[in-house]
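Text of query21.pdb (PDB, C-alpha atoms) as supplied:
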ATOM      1  CA  MET X  97     -98.032  -7.523 -48.764
ATOM      2  CA  MET X  98     -95.169 -10.029 -48.686
ATOM      3  CA  ALA X  99     -94.265  -9.094 -52.219
ATOM      4  CA  PHE X 100     -94.091  -5.425 -51.220
ATOM      5  CA  VAL X 101     -91.846  -6.208 -48.218
ATOM      6  CA  GLY X 102     -89.658  -8.399 -50.383
ATOM      7  CA  LYS X 103     -89.332  -5.705 -53.014
ATOM      8  CA  LYS X 104     -88.601  -3.076 -50.380
ATOM      9  CA  GLY X 105     -85.966  -5.286 -48.788
ATOM     10  CA  PHE X 106     -84.343  -5.889 -52.170
ATOM     11  CA  LEU X 107     -84.240  -2.175 -52.939
ATOM     12  CA  LEU X 108     -82.763  -1.427 -49.509
ATOM     13  CA  SER X 109     -80.079  -4.086 -50.009
ATOM     14  CA  LEU X 110     -79.316  -2.677 -53.438
ATOM     15  CA  LEU X 111     -78.999   0.823 -52.012
ATOM     16  CA  VAL X 112     -76.609  -0.384 -49.289
ATOM     17  CA  ALA X 113     -74.531  -2.243 -51.873
ATOM     18  CA  VAL X 114     -74.293   0.856 -54.062
ATOM     19  CA  LEU X 115     -73.285   3.035 -51.087
ATOM     20  CA  VAL X 116     -70.593   0.545 -50.031
ATOM     21  CA  TRP X 117     -69.294   0.399 -53.612
ATOM     22  CA  VAL X 118     -69.166   4.195 -53.797
ATOM     23  CA  PHE X 119     -67.393   4.353 -50.434
ATOM     24  CA  LEU X 120     -64.781   1.753 -51.373
ATOM     25  CA  ASN X 121     -64.137   3.391 -54.735
ATOM     26  CA  CYS X 122     -64.125   6.986 -53.547
ATOM     27  CA  PRO X 123     -60.970   8.644 -54.913
ATOM     28  CA  ALA X 124     -58.266   9.582 -52.426
ATOM     29  CA  PRO X 125     -58.127  13.263 -51.450
ATOM     30  CA  PRO X 126     -55.458  15.375 -53.197
ATOM     31  CA  LEU X 127     -52.098  16.062 -51.608
ATOM     32  CA  SER X 128     -51.809  19.221 -49.543
ATOM     33  CA  PRO X 129     -49.003  21.687 -50.399
ATOM     34  CA  ARG X 130     -47.073  20.338 -47.376
ATOM     35  CA  LEU X 131     -47.259  16.766 -48.628
ATOM     36  CA  LYS X 132     -46.439  17.778 -52.196
ATOM     37  CA  GLU X 133     -43.270  19.430 -50.950
ATOM     38  CA  TRP X 134     -42.346  16.367 -48.857
ATOM     39  CA  LYS X 135     -42.886  14.032 -51.790
ATOM     40  CA  GLN X 136     -41.019  16.210 -54.266
ATOM     41  CA  SER X 137     -37.998  16.464 -51.968
ATOM     42  CA  GLY X 138     -37.824  12.678 -51.478
ATOM     43  CA  GLN X 139     -36.849   9.743 -53.674
ATOM     44  CA  PHE X 140     -37.821   6.131 -54.380
ATOM     45  CA  PHE X 141     -35.808   2.948 -54.461
ATOM     46  CA  SER X 142     -36.809  -0.537 -55.548
ATOM     47  CA  TYR X 143     -37.160  -3.515 -53.260
ATOM     48  CA  GLY X 144     -38.112  -6.401 -55.501
ATOM     49  CA  SER X 145     -41.231  -5.261 -57.344
ATOM     50  CA  PHE X 146     -42.053  -2.616 -54.716
ATOM     51  CA  LYS X 147     -41.195   1.083 -54.674
ATOM     52  CA  VAL X 148     -40.167   2.507 -51.316
ATOM     53  CA  PHE X 149     -40.125   6.237 -50.615
ATOM     54  CA  TYR X 150     -37.369   7.830 -48.558
ATOM     55  CA  HIS X 151     -35.708  11.095 -47.566
ATOM     56  CA  ASP X 152     -31.936  11.409 -47.349
ATOM     57  CA  GLU X 153     -30.652  14.871 -46.524
ATOM     58  CA  ALA X 154     -27.278  16.266 -45.513
ATOM     59  CA  GLY X 155     -27.068  17.932 -42.145
ATOM     60  CA  ARG X 156     -24.656  20.279 -40.458
ATOM     61  CA  GLY X 157     -23.133  17.782 -38.032
ATOM     62  CA  ARG X 158     -20.189  15.436 -38.454
ATOM     63  CA  ALA X 159     -20.334  13.653 -41.797
ATOM     64  CA  ASP X 160     -20.131  10.173 -40.245
ATOM     65  CA  ASP X 161     -22.983  10.838 -37.804
ATOM     66  CA  VAL X 162     -26.041   9.433 -39.577
ATOM     67  CA  VAL X 163     -29.471   9.145 -37.951
ATOM     68  CA  LEU X 164     -32.136   6.789 -39.257
ATOM     69  CA  CYS X 165     -35.729   7.698 -38.321
ATOM     70  CA  ILE X 166     -38.370   4.940 -38.366
ATOM     71  CA  HIS X 167     -41.990   6.063 -38.158
ATOM     72  CA  GLY X 168     -45.017   4.463 -36.530
ATOM     73  CA  PHE X 169     -48.432   3.047 -37.428
ATOM     74  CA  PRO X 170     -50.508   4.114 -39.314
ATOM     75  CA  THR X 171     -48.646   7.205 -40.470
ATOM     76  CA  SER X 172     -45.404   7.888 -42.376
ATOM     77  CA  SER X 173     -41.997   9.538 -42.501
ATOM     78  CA  HIS X 174     -43.818  12.874 -42.629
ATOM     79  CA  ASP X 175     -44.221  12.462 -38.842
ATOM     80  CA  TRP X 176     -40.602  13.615 -38.527
ATOM     81  CA  VAL X 177     -41.105  16.964 -40.229
ATOM     82  CA  LYS X 178     -41.224  18.973 -36.974
ATOM     83  CA  VAL X 179     -37.862  17.615 -35.782
ATOM     84  CA  TRP X 180     -36.233  17.343 -39.221
ATOM     85  CA  GLU X 181     -34.310  20.618 -39.145
ATOM     86  CA  GLY X 182     -33.267  20.007 -35.549
ATOM     87  CA  LEU X 183     -31.877  16.592 -36.478
ATOM     88  CA  LYS X 184     -30.052  18.115 -39.442
ATOM     89  CA  GLY X 185     -28.442  20.581 -37.054
ATOM     90  CA  ARG X 186     -26.986  17.739 -34.972
ATOM     91  CA  PHE X 187     -26.217  15.017 -37.527
ATOM     92  CA  GLY X 188     -24.304  14.952 -40.782
ATOM     93  CA  ARG X 189     -27.077  13.021 -42.502
ATOM     94  CA  VAL X 190     -30.750  12.360 -41.749
ATOM     95  CA  ILE X 191     -32.577   9.437 -43.358
ATOM     96  CA  ALA X 192     -36.218   8.407 -43.083
ATOM     97  CA  SER X 193     -38.254   6.065 -45.256
ATOM     98  CA  ASP X 194     -41.919   5.238 -45.568
ATOM     99  CA  LEU X 195     -42.095   1.616 -44.499
ATOM    100  CA  LEU X 196     -43.721  -0.779 -46.954
ATOM    101  CA  GLY X 197     -47.485  -0.256 -46.704
ATOM    102  CA  PHE X 198     -47.198   3.327 -45.466
ATOM    103  CA  GLY X 199     -46.996   6.880 -46.799
ATOM    104  CA  PHE X 200     -45.832   7.180 -50.405
ATOM    105  CA  SER X 201     -44.395   3.646 -50.517
ATOM    106  CA  ASP X 202     -46.204   0.808 -52.272
ATOM    107  CA  LYS X 203     -49.036  -0.789 -50.305
ATOM    108  CA  PRO X 204     -49.635  -4.310 -51.598
ATOM    109  CA  LEU X 205     -52.995  -5.731 -50.533
ATOM    110  CA  ASP X 206     -53.166  -9.113 -48.773
ATOM    111  CA  HIS X 207     -49.400  -8.979 -48.303
ATOM    112  CA  ASN X 208     -47.732 -10.774 -45.400
ATOM    113  CA  TYR X 209     -46.205  -7.719 -43.718
ATOM    114  CA  THR X 210     -43.521  -8.678 -41.188
ATOM    115  CA  MET X 211     -40.981  -6.877 -39.045
ATOM    116  CA  SER X 212     -38.228  -8.971 -40.610
ATOM    117  CA  GLU X 213     -39.153  -7.758 -44.080
ATOM    118  CA  GLN X 214     -39.338  -4.127 -42.936
ATOM    119  CA  ALA X 215     -35.874  -4.500 -41.384
ATOM    120  CA  VAL X 216     -34.447  -6.080 -44.539
ATOM    121  CA  ILE X 217     -35.849  -3.234 -46.663
ATOM    122  CA  ILE X 218     -34.156  -0.681 -44.408
ATOM    123  CA  GLU X 219     -30.878  -2.588 -44.552
ATOM    124  CA  LYS X 220     -31.086  -2.654 -48.359
ATOM    125  CA  LEU X 221     -31.800   1.076 -48.435
ATOM    126  CA  LEU X 222     -28.800   1.823 -46.221
ATOM    127  CA  GLU X 223     -26.620  -0.399 -48.415
ATOM    128  CA  LYS X 224     -27.771   1.510 -51.497
ATOM    129  CA  LEU X 225     -26.963   4.795 -49.726
ATOM    130  CA  GLU X 226     -23.545   3.423 -48.675
ATOM    131  CA  VAL X 227     -24.285   3.967 -44.994
ATOM    132  CA  GLN X 228     -22.270   1.751 -42.659
ATOM    133  CA  GLU X 229     -23.094   3.195 -39.220
ATOM    134  CA  VAL X 230     -26.346   4.650 -37.926
ATOM    135  CA  TYR X 231     -28.048   6.010 -34.871
ATOM    136  CA  ILE X 232     -31.673   4.836 -34.799
ATOM    137  CA  LEU X 233     -34.565   7.027 -33.639
ATOM    138  CA  SER X 234     -37.935   5.271 -33.801
ATOM    139  CA  HIS X 235     -41.567   5.578 -32.815
ATOM    140  CA  ASP X 236     -44.461   3.141 -32.212
ATOM    141  CA  TYR X 237     -44.474   0.438 -34.954
ATOM    142  CA  GLY X 238     -41.010   1.696 -35.833
ATOM    143  CA  ASP X 239     -39.808   0.716 -32.351
ATOM    144  CA  THR X 240     -40.365  -2.947 -33.152
ATOM    145  CA  VAL X 241     -38.658  -2.557 -36.529
ATOM    146  CA  ALA X 242     -35.737  -0.935 -34.670
ATOM    147  CA  LEU X 243     -35.574  -3.853 -32.220
ATOM    148  CA  GLU X 244     -35.550  -6.305 -35.123
ATOM    149  CA  LEU X 245     -32.646  -4.342 -36.628
ATOM    150  CA  LEU X 246     -30.929  -4.473 -33.226
ATOM    151  CA  ARG X 247     -31.507  -8.237 -32.954
ATOM    152  CA  ARG X 248     -30.046  -8.781 -36.403
ATOM    153  CA  PHE X 249     -27.052  -6.568 -35.575
ATOM    154  CA  LEU X 250     -26.328  -8.542 -32.381
ATOM    155  CA  ASP X 251     -26.558 -11.798 -34.353
ATOM    156  CA  ARG X 252     -23.957 -10.446 -36.774
ATOM    157  CA  GLN X 253     -21.643  -9.666 -33.881
ATOM    158  CA  LYS X 254     -21.786 -13.356 -32.940
ATOM    159  CA  SER X 255     -21.642 -14.609 -36.542
ATOM    160  CA  PRO X 256     -20.065 -11.915 -38.768
ATOM    161  CA  ASP X 257     -21.124 -13.673 -41.971
ATOM    162  CA  LYS X 258     -24.846 -13.188 -41.242
ATOM    163  CA  GLY X 259     -26.995 -10.648 -43.080
ATOM    164  CA  ALA X 260     -26.024  -6.998 -43.565
ATOM    165  CA  THR X 261     -22.371  -7.289 -42.584
ATOM    166  CA  TYR X 262     -21.703  -3.707 -43.679
ATOM    167  CA  LEU X 263     -24.058  -2.161 -41.103
ATOM    168  CA  ARG X 264     -23.261  -1.136 -37.546
ATOM    169  CA  ILE X 265     -25.792   0.392 -35.152
ATOM    170  CA  LYS X 266     -24.444   2.974 -32.703
ATOM    171  CA  SER X 267     -27.523   3.345 -30.489
ATOM    172  CA  VAL X 268     -31.294   2.868 -30.447
ATOM    173  CA  CYS X 269     -33.777   5.413 -29.114
ATOM    174  CA  LEU X 270     -37.404   4.309 -28.876
ATOM    175  CA  MET X 271     -40.530   6.440 -28.412
ATOM    176  CA  ASN X 272     -43.980   5.372 -27.174
ATOM    177  CA  GLY X 273     -44.359   1.969 -28.778
ATOM    178  CA  GLY X 274     -46.052  -1.291 -27.856
ATOM    179  CA  PHE X 275     -42.897  -3.382 -28.078
ATOM    180  CA  LEU X 276     -43.917  -4.938 -24.737
ATOM    181  CA  PRO X 277     -47.326  -6.302 -25.797
ATOM    182  CA  GLU X 278     -48.407  -7.135 -22.262
ATOM    183  CA  THR X 279     -48.522  -3.397 -21.505
ATOM    184  CA  ILE X 280     -50.770  -2.269 -24.387
ATOM    185  CA  THR X 281     -54.231  -0.834 -23.711
ATOM    186  CA  PHE X 282     -56.065  -1.471 -26.973
ATOM    187  CA  GLN X 283     -58.817   0.704 -28.355
ATOM    188  CA  TRP X 284     -61.669  -1.467 -29.661
ATOM    189  CA  GLY X 285     -60.762  -0.775 -33.250
ATOM    190  CA  GLN X 286     -57.138  -1.732 -32.637
ATOM    191  CA  TYR X 287     -58.142  -4.977 -30.979
ATOM    192  CA  LEU X 288     -60.540  -5.983 -33.755
ATOM    193  CA  SER X 289     -57.900  -5.175 -36.379
ATOM    194  CA  THR X 290     -55.685  -7.954 -34.946
ATOM    195  CA  THR X 291     -58.379 -10.599 -35.417
ATOM    196  CA  SER X 292     -59.267 -12.569 -38.531
ATOM    197  CA  ILE X 293     -61.810  -9.911 -39.508
ATOM    198  CA  GLY X 294     -59.203  -7.132 -39.363
ATOM    199  CA  PRO X 295     -58.447  -7.113 -43.117
ATOM    200  CA  TYR X 296     -62.155  -6.722 -43.848
ATOM    201  CA  LEU X 297     -62.843  -4.079 -41.214
ATOM    202  CA  SER X 298     -59.973  -1.941 -42.495
ATOM    203  CA  ARG X 299     -61.862  -1.466 -45.756
ATOM    204  CA  LEU X 300     -64.560   0.393 -43.832
ATOM    205  CA  LEU X 301     -62.133   2.856 -42.232
ATOM    206  CA  THR X 302     -63.319   6.437 -42.716
ATOM    207  CA  PHE X 303     -61.758   9.812 -42.112
ATOM    208  CA  TYR X 304     -64.098  10.374 -39.175
ATOM    209  CA  SER X 305     -63.279   7.082 -37.436
ATOM    210  CA  PHE X 306     -59.576   7.698 -38.068
ATOM    211  CA  ARG X 307     -59.763  11.228 -36.665
ATOM    212  CA  LEU X 308     -61.506   9.966 -33.539
ATOM    213  CA  SER X 309     -58.876   7.282 -32.898
ATOM    214  CA  ILE X 310     -55.833   9.467 -33.618
ATOM    215  CA  MET X 311     -57.070  12.344 -31.459
ATOM    216  CA  ALA X 312     -57.508   9.930 -28.542
ATOM    217  CA  VAL X 313     -53.799   9.052 -28.309
ATOM    218  CA  TYR X 314     -52.517  12.642 -28.173
ATOM    219  CA  GLY X 315     -52.157  14.569 -24.931
ATOM    220  CA  PRO X 316     -55.077  16.715 -23.716
ATOM    221  CA  GLY X 317     -53.463  20.011 -24.741
ATOM    222  CA  THR X 318     -51.426  18.873 -27.738
ATOM    223  CA  LYS X 319     -54.063  17.584 -30.148
ATOM    224  CA  PRO X 320     -53.132  17.684 -33.849
ATOM    225  CA  SER X 321     -54.538  20.482 -35.959
ATOM    226  CA  PRO X 322     -57.234  19.706 -38.555
ATOM    227  CA  ALA X 323     -54.590  20.129 -41.271
ATOM    228  CA  GLU X 324     -52.266  17.631 -39.565
ATOM    229  CA  VAL X 325     -55.030  15.043 -39.233
ATOM    230  CA  GLU X 326     -55.988  15.557 -42.888
ATOM    231  CA  ASP X 327     -52.373  15.045 -43.971
ATOM    232  CA  MET X 328     -52.197  11.783 -42.020
ATOM    233  CA  TRP X 329     -55.430  10.602 -43.621
ATOM    234  CA  ILE X 330     -54.342  11.603 -47.129
ATOM    235  CA  LEU X 331     -51.183   9.509 -46.740
ATOM    236  CA  ILE X 332     -53.171   6.554 -45.445
ATOM    237  CA  ARG X 333     -55.442   6.784 -48.503
ATOM    238  CA  TRP X 334     -52.489   7.167 -50.902
ATOM    239  CA  ASN X 335     -52.112   4.039 -53.059
ATOM    240  CA  ASP X 336     -55.272   2.607 -51.417
ATOM    241  CA  GLY X 337     -53.389   2.217 -48.157
ATOM    242  CA  ASN X 338     -56.596   2.129 -46.139
ATOM    243  CA  LEU X 339     -57.354  -1.217 -47.779
ATOM    244  CA  ALA X 340     -54.028  -2.637 -46.567
ATOM    245  CA  MET X 341     -54.387  -1.524 -42.930
ATOM    246  CA  GLY X 342     -55.947  -4.811 -41.838
ATOM    247  CA  SER X 343     -53.060  -6.863 -43.192
ATOM    248  CA  ILE X 344     -50.487  -4.513 -41.662
ATOM    249  CA  SER X 345     -52.308  -4.578 -38.300
ATOM    250  CA  GLN X 346     -51.420  -8.234 -37.882
ATOM    251  CA  TYR X 347     -48.081  -6.937 -36.604
ATOM    252  CA  GLN X 348     -49.675  -6.880 -33.163
ATOM    253  CA  ASN X 349     -49.817 -10.671 -33.269
ATOM    254  CA  GLU X 350     -46.194 -10.810 -34.434
ATOM    255  CA  ARG X 351     -45.207  -8.618 -31.505
ATOM    256  CA  LEU X 352     -46.745 -11.174 -29.174
ATOM    257  CA  ALA X 353     -45.228 -14.184 -30.931
ATOM    258  CA  ARG X 354     -41.693 -12.729 -31.080
ATOM    259  CA  ARG X 355     -41.780 -10.668 -27.916
ATOM    260  CA  ASP X 356     -39.088 -12.721 -26.140
ATOM    261  CA  GLU X 357     -36.640 -12.356 -29.041
ATOM    262  CA  TRP X 358     -36.806  -8.572 -28.909
ATOM    263  CA  VAL X 359     -36.745  -8.415 -25.106
ATOM    264  CA  THR X 360     -33.604 -10.562 -25.162
ATOM    265  CA  ALA X 361     -32.042  -8.271 -27.769
ATOM    266  CA  VAL X 362     -32.400  -5.246 -25.471
ATOM    267  CA  GLN X 363     -31.250  -7.193 -22.417
ATOM    268  CA  GLN X 364     -28.131  -8.398 -24.232
ATOM    269  CA  SER X 365     -27.512  -5.220 -26.200
ATOM    270  CA  THR X 366     -23.916  -4.109 -26.587
ATOM    271  CA  ILE X 367     -25.034  -0.606 -27.567
ATOM    272  CA  PRO X 368     -27.019   2.053 -25.638
ATOM    273  CA  VAL X 369     -30.824   1.800 -25.674
ATOM    274  CA  HIS X 370     -33.065   4.661 -24.545
ATOM    275  CA  LEU X 371     -36.800   5.395 -24.310
ATOM    276  CA  ILE X 372     -38.373   8.848 -24.710
ATOM    277  CA  TYR X 373     -41.830   8.594 -23.202
ATOM    278  CA  GLY X 374     -44.941  10.742 -23.343
ATOM    279  CA  PRO X 375     -46.964   9.707 -20.257
ATOM    280  CA  ALA X 376     -50.391  10.908 -21.475
ATOM    281  CA  ASP X 377     -50.472   8.084 -24.038
ATOM    282  CA  THR X 378     -53.785   6.214 -23.750
ATOM    283  CA  VAL X 379     -52.463   3.125 -25.577
ATOM    284  CA  ASN X 380     -48.956   2.831 -24.156
ATOM    285  CA  THR X 381     -49.827   3.921 -20.625
ATOM    286  CA  PRO X 382     -47.242   4.327 -17.807
ATOM    287  CA  VAL X 383     -47.420   0.554 -17.389
ATOM    288  CA  LEU X 384     -45.055   0.456 -20.387
ATOM    289  CA  LEU X 385     -42.508   2.670 -18.620
ATOM    290  CA  HIS X 386     -42.600   0.605 -15.433
ATOM    291  CA  ARG X 387     -42.221  -2.678 -17.311
ATOM    292  CA  TYR X 388     -39.408  -1.233 -19.438
ATOM    293  CA  ARG X 389     -37.482  -0.241 -16.326
ATOM    294  CA  GLU X 390     -38.108  -3.623 -14.751
ATOM    295  CA  LEU X 391     -36.945  -5.633 -17.761
ATOM    296  CA  PHE X 392     -34.090  -3.374 -18.880
ATOM    297  CA  PRO X 393     -32.304  -1.922 -15.826
ATOM    298  CA  GLN X 394     -29.237  -1.173 -17.953
ATOM    299  CA  ALA X 395     -31.236   0.925 -20.427
ATOM    300  CA  THR X 396     -32.178   4.572 -19.846
ATOM    301  CA  ASP X 397     -35.259   6.719 -20.336
ATOM    302  CA  THR X 398     -36.572  10.279 -20.410
ATOM    303  CA  VAL X 399     -40.122  11.046 -19.300
ATOM    304  CA  LEU X 400     -41.586  14.158 -20.902
ATOM    305  CA  ASN X 401     -44.238  16.540 -19.554
ATOM    306  CA  THR X 402     -47.349  14.826 -18.213
ATOM    307  CA  ASP X 403     -49.452  16.384 -21.002
ATOM    308  CA  ILE X 404     -47.480  14.714 -23.814
ATOM    309  CA  GLY X 405     -49.093  11.661 -25.367
ATOM    310  CA  HIS X 406     -48.295   9.060 -27.997
ATOM    311  CA  TYR X 407     -46.462  11.337 -30.481
ATOM    312  CA  PRO X 408     -43.673  13.093 -28.502
ATOM    313  CA  HIS X 409     -41.846  14.337 -31.608
ATOM    314  CA  VAL X 410     -45.049  15.848 -32.992
ATOM    315  CA  GLU X 411     -46.622  17.122 -29.760
ATOM    316  CA  ASP X 412     -43.456  18.600 -28.214
ATOM    317  CA  PRO X 413     -40.640  18.495 -30.773
ATOM    318  CA  THR X 414     -38.351  20.773 -28.744
ATOM    319  CA  SER X 415     -38.419  18.554 -25.662
ATOM    320  CA  ALA X 416     -38.203  15.383 -27.721
ATOM    321  CA  LEU X 417     -35.084  16.662 -29.495
ATOM    322  CA  ALA X 418     -33.507  17.827 -26.229
ATOM    323  CA  ALA X 419     -34.091  14.399 -24.686
ATOM    324  CA  TYR X 420     -32.640  12.651 -27.714
ATOM    325  CA  PHE X 421     -29.558  14.854 -27.928
ATOM    326  CA  ASN X 422     -28.909  14.418 -24.198
ATOM    327  CA  PHE X 423     -28.998  10.660 -24.719
ATOM    328  CA  ILE X 424     -26.681  10.813 -27.726
ATOM    329  CA  ASP X 425     -24.223  13.204 -26.073
ATOM    330  CA  GLY X 426     -24.146  11.114 -22.918
ATOM    331  CA  ASN X 427     -23.065   8.041 -24.884
ATOM    332  CA  GLN X 428     -20.440   9.530 -27.172
ATOM    333  CA  ARG X 429     -17.218   7.617 -27.375
ATOM    334  CA  PRO X 430     -14.137   9.571 -26.334
TER     335      PRO X 430
END
As structure tokens, how would this structure be written, given the file I've shared?
Amino acid sequence: MMAFVGKKGFLLSLLVAVLVWVFLNCPAPPLSPRLKEWKQSGQFFSYGSFKVFYHDEAGRGRADDVVLCIHGFPTSSHDWVKVWEGLKGRFGRVIASDLLGFGFSDKPLDHNYTMSEQAVIIEKLLEKLEVQEVYILSHDYGDTVALELLRRFLDRQKSPDKGATYLRIKSVCLMNGGFLPETITFQWGQYLSTTSIGPYLSRLLTFYSFRLSIMAVYGPGTKPSPAEVEDMWILIRWNDGNLAMGSISQYQNERLARRDEWVTAVQQSTIPVHLIYGPADTVNTPVLLHRYRELFPQATDTVLNTDIGHYPHVEDPTSALAAYFNFIDGNQRP
């Protein structure tokens, strides 16, 4: 009897091991026509041994008006596709990259992903593209990258020989991000991803668990279509990105550790800072808005319709663009 149980247990363990192996080695789904077009119309540049994907397109605005779009976690520059033409109508140049670990960019496993590195990569990209002044429009994870770029820019104003001396930031516009970590309402999966087991749990991420989590942060009437969710998942899986999610997720801990640096940067900012906020966000709840106003009385904000959640530029691109253009136009120099 014991021998039978032991044999059965061994066979069950073997079956589980085979299923896990199959799951971890399942090939990524193919690119949709939308993603193929986005990839084919973009380019790559090298940062050390890594390849970073980006879009750089001419717009119909003034040639020296350049907007840099920085996407959020866990998605990619493709998030900007619904506002891309609108931005091109207002600016002379629109630039967006896939941050390291995201989208079509390289996704090194067990890499120490930091906001400083992401900011340096963007600065190197802008240097390559000979861009000296930018407006920044960011979302989620990209908000913290934007604040690191702002912090570095303010440091250069004090010590002109520091860092990317060629780069000037004209303004920063944030959207629904957890840059004030004390205001975040974590989903269980998000919380666990910040712990020491995060890198291991990320390897078990499935399309179904991803779909459940991404749907939860959208507004009640603005959920993404099945095709949009599939595109997000395909880009996560590209270059085995799902296996890197745990390492990237440690950014939540960096947000906590460096929170005061980025708060100080906004408080001491010499350029306009704005927040476009979707109040139906279940992660960055209205507590974020209240704390933002409390900490940054000199900064401004736009609150969108109560049904708009974590992705304003995806859920309501028209209103998001209108809010952004109002901010930009209200801060133009004579």
| field | X:Tyr231, X:Phe282, X:Phe200, X:Tyr237 ranked by distance to X:Val268, top pick (using only C-alpha atoms) | value | X:Tyr231
| said: Residues within 12 Å of X:Gly182, please, as a PyMOL selection string. Count only C-alpha atoms; anything in the same chain fewer than 3 positions from it doesn't count. | reply: chain X and resi 155-157+163+176-179+185-190+409+413-418+420-421
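Distances here use only C-alpha atoms; by that measure, the residue among X:His167, X:His406, X:Lys220, X:Lys135 closest to X:Thr318 is X:His406.
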| task | Decode the PyMOL selection byres ((chain X and resi 234-236) around 6) for the given file into explicit residues and return them as a ChimeraX atom specification. | result | /X:165-168,233,237-239,270-273
| task | On this file, the PyMOL selection byres ((chain X and resi 204) around 10) gives some set of residues; write that set as a list in words. | result |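 Residues picked by the PyMOL selection byres ((chain X and resi 204) around 10): Phe146, Leu196, Gly197, Ser201, Asp202, Lys203, Leu205, Asp206, His207, Asn208, Tyr209, Asn335, Asp336, Gly337, Leu339, Ala340, Ser343 and Ile344 of chain X.
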Would you save the residues from that selection as a tab-separated table (two decimals), in the coordinates of the input, using C-alpha atoms?
chain	number	residue	atom	x	y	z
X	146	PHE	CA	-42.05	-2.62	-54.72
X	196	LEU	CA	-43.72	-0.78	-46.95
X	197	GLY	CA	-47.48	-0.26	-46.70
X	201	SER	CA	-44.40	3.65	-50.52
X	202	ASP	CA	-46.20	0.81	-52.27
X	203	LYS	CA	-49.04	-0.79	-50.30
X	205	LEU	CA	-53.00	-5.73	-50.53
X	206	ASP	CA	-53.17	-9.11	-48.77
X	207	HIS	CA	-49.40	-8.98	-48.30
X	208	ASN	CA	-47.73	-10.77	-45.40
X	209	TYR	CA	-46.20	-7.72	-43.72
X	335	ASN	CA	-52.11	4.04	-53.06
X	336	ASP	CA	-55.27	2.61	-51.42
X	337	GLY	CA	-53.39	2.22	-48.16
X	339	LEU	CA	-57.35	-1.22	-47.78
X	340	ALA	CA	-54.03	-2.64	-46.57
X	343	SER	CA	-53.06	-6.86	-43.19
X	344	ILE	CA	-50.49	-4.51	-41.66
| request: Quick one: apply the PyMOL selection byres ((chain X and resi 348-353) around 10) to the file and drop the selected residues here as an MDAnalysis selection string. | output: chainID X and resid 209:211 237 240 274:278 280 286:287 289:291 344:347 354:358
| said: Ranking X:Leu183, X:Leu222, X:Ile367, X:Ala419 by minimum distance to X:Ala154 and counting only C-alpha atoms, which one comes first? | reply: X:Leu183
